[in-house]
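Accompanying notes for the structure given below.
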Amino acid sequence: MPRPVVSTGSAAWKGDLLSGSGTTTLETSQLGTFDVNWKARSEEAAQGTTSPEELLGAAHATCYSMQFSNMLAENGTPPTSVDTSAAVTFNIAEGGITGIALSVTATMDGIEDADFQRLAEEAKSSCPVSKALAGVDITLTASLA
């Protein structure tokens with residue numbers, strides 16, 4: 001049986017929530033450290049800063065693409081490409097993250113739209129990140145390229 005894999009990210013914050021700032025680091029991969037602040041989270045993010053929601057969206061889109069591509073291959077219709085975005089809505093008035101809208105476009109041959117849509121929905125519900133975020137409304141728009 002394979003061992004569990006633990007991936008680590010970290011954050012350092014200075015100051016209070018509204019005027020403070022910090023960084024978040026991808027520890028395991030050592031791919032980078034990114035600036036974060038409240039403004040990037042509660043308003044439109046300025047270029048060069050990120051937010052937990054943007055990072056969550058990237059993680060969800062990546063996980064979904066991997067899950068969907070595997071399910072399509074297991075269906076005998078391996079994709080040429082799967083492009084996914086995840087728009088994460090942060091609404092202070094409603095208490096935080098209120099929804100995630102996944103949008104996927106895939107390129108492949110030999111699949112009917114009904115099967116494509118069914119597998120897309122199954123991938124949404126079985127993706128490990130979707131499972132971790134089960135308390136949030138997750139929608140999906142899927143299209144064949």
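Note on naming: chains are A, B, ... as they come in the structure tokens, residues start from 1 per chain, ligands start from 1 in the order shown.
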Write down as an MDAnalysis selection string the residues of chain A whose backbone DSSP state falls under strand (DSSP E).
chainID A and resid 9:14 21:26 32:37 49:50 81:91 96:107 137:144
Could you please write out, as JSON, numbers by chain, every residue of chain A that DSSP assigns to helix (DSSP H, G or I)?
{"A": [38, 39, 40, 41, 42, 52, 53, 54, 55, 56, 57, 58, 59, 60, 61, 62, 63, 64, 65, 66, 67, 68, 69, 70, 71, 72, 73, 74, 92, 93, 94, 113, 114, 115, 116, 117, 118, 119, 120, 121, 122, 123, 124, 125, 126, 128, 129, 130, 131, 132]}
Export of the given selection (N, CA and C atoms) as a short mmCIF file (atom, residue, chain, number, x, y, z; two decimals), in the first residue's frame:
```
data_model
loop_
_atom_site.label_atom_id
_atom_site.label_comp_id
_atom_site.auth_asym_id
_atom_site.auth_seq_id
_atom_site.Cartn_x
_atom_site.Cartn_y
_atom_site.Cartn_z
N TRP A 38 -4.91 41.87 2.77
CA TRP A 38 -6.37 41.89 2.86
C TRP A 38 -6.99 42.47 1.61
N LYS A 39 -6.39 43.51 1.05
CA LYS A 39 -6.95 44.14 -0.14
C LYS A 39 -7.07 43.13 -1.29
N ALA A 40 -6.07 42.28 -1.46
CA ALA A 40 -6.12 41.27 -2.53
C ALA A 40 -7.26 40.28 -2.29
N ARG A 41 -7.67 40.15 -1.06
CA ARG A 41 -8.73 39.21 -0.72
C ARG A 41 -10.11 39.84 -0.76
N SER A 42 -10.21 41.09 -0.35
CA SER A 42 -11.52 41.71 -0.18
C SER A 42 -11.90 42.67 -1.31
N PRO A 52 -5.92 33.61 -0.45
CA PRO A 52 -6.23 32.20 -0.24
C PRO A 52 -7.20 31.66 -1.28
N GLU A 53 -8.13 32.50 -1.71
CA GLU A 53 -9.12 32.06 -2.69
C GLU A 53 -8.50 31.78 -4.04
N GLU A 54 -7.55 32.60 -4.47
CA GLU A 54 -6.87 32.35 -5.74
C GLU A 54 -6.07 31.05 -5.67
N LEU A 55 -5.38 30.85 -4.56
CA LEU A 55 -4.61 29.62 -4.39
C LEU A 55 -5.52 28.40 -4.34
N LEU A 56 -6.66 28.54 -3.66
CA LEU A 56 -7.64 27.46 -3.61
C LEU A 56 -8.18 27.16 -5.00
N GLY A 57 -8.45 28.21 -5.78
CA GLY A 57 -8.94 28.03 -7.15
C GLY A 57 -7.93 27.28 -8.01
N ALA A 58 -6.67 27.64 -7.88
CA ALA A 58 -5.63 26.96 -8.66
C ALA A 58 -5.53 25.49 -8.26
N ALA A 59 -5.60 25.23 -6.97
CA ALA A 59 -5.54 23.84 -6.50
C ALA A 59 -6.74 23.04 -6.99
N HIS A 60 -7.92 23.64 -6.93
CA HIS A 60 -9.13 22.94 -7.34
C HIS A 60 -9.12 22.67 -8.84
N ALA A 61 -8.75 23.67 -9.63
CA ALA A 61 -8.68 23.50 -11.09
C ALA A 61 -7.69 22.40 -11.47
N THR A 62 -6.57 22.37 -10.79
CA THR A 62 -5.55 21.36 -11.08
C THR A 62 -6.04 19.97 -10.74
N CYS A 63 -6.59 19.82 -9.55
CA CYS A 63 -7.09 18.52 -9.11
C CYS A 63 -8.20 18.03 -10.04
N TYR A 64 -9.13 18.92 -10.37
CA TYR A 64 -10.24 18.55 -11.24
C TYR A 64 -9.72 18.09 -12.62
N SER A 65 -8.80 18.84 -13.20
CA SER A 65 -8.25 18.48 -14.51
C SER A 65 -7.61 17.10 -14.48
N MET A 66 -6.89 16.81 -13.42
CA MET A 66 -6.24 15.50 -13.29
C MET A 66 -7.28 14.39 -13.16
N GLN A 67 -8.29 14.61 -12.31
CA GLN A 67 -9.34 13.61 -12.10
C GLN A 67 -10.13 13.36 -13.39
N PHE A 68 -10.52 14.43 -14.06
CA PHE A 68 -11.33 14.32 -15.28
C PHE A 68 -10.53 13.64 -16.39
N SER A 69 -9.27 14.01 -16.55
CA SER A 69 -8.47 13.39 -17.61
C SER A 69 -8.32 11.88 -17.36
N ASN A 70 -8.18 11.48 -16.12
CA ASN A 70 -8.08 10.05 -15.79
C ASN A 70 -9.39 9.33 -16.09
N MET A 71 -10.50 9.95 -15.73
CA MET A 71 -11.80 9.31 -15.98
C MET A 71 -12.08 9.20 -17.47
N LEU A 72 -11.69 10.21 -18.25
CA LEU A 72 -11.87 10.15 -19.69
C LEU A 72 -11.02 9.04 -20.30
N ALA A 73 -9.78 8.90 -19.82
CA ALA A 73 -8.91 7.83 -20.31
C ALA A 73 -9.48 6.46 -19.96
N GLU A 74 -9.98 6.31 -18.72
CA GLU A 74 -10.58 5.04 -18.31
C GLU A 74 -11.83 4.73 -19.13
N ILE A 92 -17.65 38.69 2.07
CA ILE A 92 -17.51 39.01 3.49
C ILE A 92 -18.86 39.00 4.18
N ALA A 93 -19.88 39.58 3.53
CA ALA A 93 -21.20 39.69 4.13
C ALA A 93 -21.83 38.33 4.40
N GLU A 94 -21.45 37.32 3.64
CA GLU A 94 -22.02 35.98 3.81
C GLU A 94 -21.09 35.04 4.56
N ASP A 113 -21.60 13.90 -26.29
CA ASP A 113 -21.72 14.96 -25.30
C ASP A 113 -22.35 14.47 -24.00
N ALA A 114 -23.34 13.60 -24.08
CA ALA A 114 -23.99 13.10 -22.86
C ALA A 114 -22.99 12.36 -21.97
N ASP A 115 -22.13 11.53 -22.57
CA ASP A 115 -21.11 10.83 -21.79
C ASP A 115 -20.08 11.80 -21.24
N PHE A 116 -19.71 12.77 -22.05
CA PHE A 116 -18.77 13.80 -21.61
C PHE A 116 -19.32 14.54 -20.39
N GLN A 117 -20.56 14.96 -20.44
CA GLN A 117 -21.18 15.70 -19.33
C GLN A 117 -21.28 14.83 -18.08
N ARG A 118 -21.64 13.57 -18.25
CA ARG A 118 -21.75 12.65 -17.12
C ARG A 118 -20.40 12.47 -16.43
N LEU A 119 -19.36 12.26 -17.23
CA LEU A 119 -18.03 12.09 -16.65
C LEU A 119 -17.52 13.37 -16.02
N ALA A 120 -17.85 14.50 -16.62
CA ALA A 120 -17.45 15.80 -16.05
C ALA A 120 -18.05 15.98 -14.66
N GLU A 121 -19.33 15.65 -14.52
CA GLU A 121 -20.00 15.76 -13.22
C GLU A 121 -19.43 14.75 -12.22
N GLU A 122 -19.17 13.53 -12.68
CA GLU A 122 -18.58 12.53 -11.79
C GLU A 122 -17.20 12.96 -11.32
N ALA A 123 -16.43 13.58 -12.20
CA ALA A 123 -15.10 14.07 -11.82
C ALA A 123 -15.23 15.17 -10.78
N LYS A 124 -16.25 16.02 -10.93
CA LYS A 124 -16.46 17.10 -9.96
C LYS A 124 -16.71 16.53 -8.57
N SER A 125 -17.55 15.51 -8.48
CA SER A 125 -17.89 14.97 -7.17
C SER A 125 -16.81 14.05 -6.60
N SER A 126 -15.96 13.48 -7.44
CA SER A 126 -14.94 12.56 -6.94
C SER A 126 -13.54 13.17 -6.83
N PRO A 128 -10.55 14.88 -5.25
CA PRO A 128 -10.24 15.03 -3.83
C PRO A 128 -10.40 16.45 -3.29
N VAL A 129 -10.09 17.46 -4.08
CA VAL A 129 -10.27 18.83 -3.59
C VAL A 129 -11.75 19.16 -3.50
N SER A 130 -12.56 18.72 -4.46
CA SER A 130 -14.00 18.92 -4.36
C SER A 130 -14.54 18.28 -3.09
N LYS A 131 -14.07 17.09 -2.78
CA LYS A 131 -14.52 16.41 -1.56
C LYS A 131 -14.13 17.22 -0.32
N ALA A 132 -12.93 17.78 -0.32
CA ALA A 132 -12.47 18.57 0.82
C ALA A 132 -13.29 19.85 0.97
#
```
Residue among A:Ser85, A:Thr107, A:Ser143, A:Ser10 lying closest to A:Glu27, counting only C-alpha atoms:
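Nearest to A:Glu27: A:Ser10.
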Pairwise distance for atom CA of A:Asp35 and atom CA of A:Asp137, rounded to one decimal in Å
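Answer for the atom CA of A:Asp35 to atom CA of A:Asp137 separation: 27.6 Å.
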Find the residue from A:Thr141, A:Ser29, A:Thr24, A:Thr89 that sits nearest to A:Val6; use only C-alpha atoms when measuring.
A:Ser29
Got a sec: who's within 10 Å of A:Ala11, counting only C-alpha atoms, leaving out chain neighbours fewer than 4 positions off, as a ChimeraX atom specification?
/A:22-27,33-36
Quick check, in Å to one decimal: how far apart do atom CA of A:Met108 and atom CA of A:Leu133 lie?
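Going from atom CA of A:Met108 over to atom CA of A:Leu133 covers 28.6 Å.
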Give the answer as one residue: which of A:Val104, A:Cys127, A:Ile97, A:Leu140 has the shortest atom-to-atom distance to A:Asp83, using only C-alpha atoms?
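Ranking A:Val104, A:Cys127, A:Ile97, A:Leu140 by distance to A:Asp83, first place goes to A:Val104.
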For A:Phe90, the nearest of the candidates A:Pro78, A:Ala134, A:Thr105, A:Glu43, counting only C-alpha atoms:
A:Glu43
Counting only C-alpha atoms, the residue of A:Leu102, A:Ala87, A:Leu17, A:Val82 that sits nearest A:Leu144
A:Val82
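Compared by their closest atoms to A:Thr80, and using only C-alpha atoms, the residues A:Ala101, A:Leu31, A:Ala145, A:Ala12 rank with A:Ala145 nearest.
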Could you tell me how far atom CA of A:Ser7 lies from atom CA of A:Ser51, in Å and to one decimal?
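Separating atom CA of A:Ser7 from atom CA of A:Ser51 is a distance of 18.8 Å.
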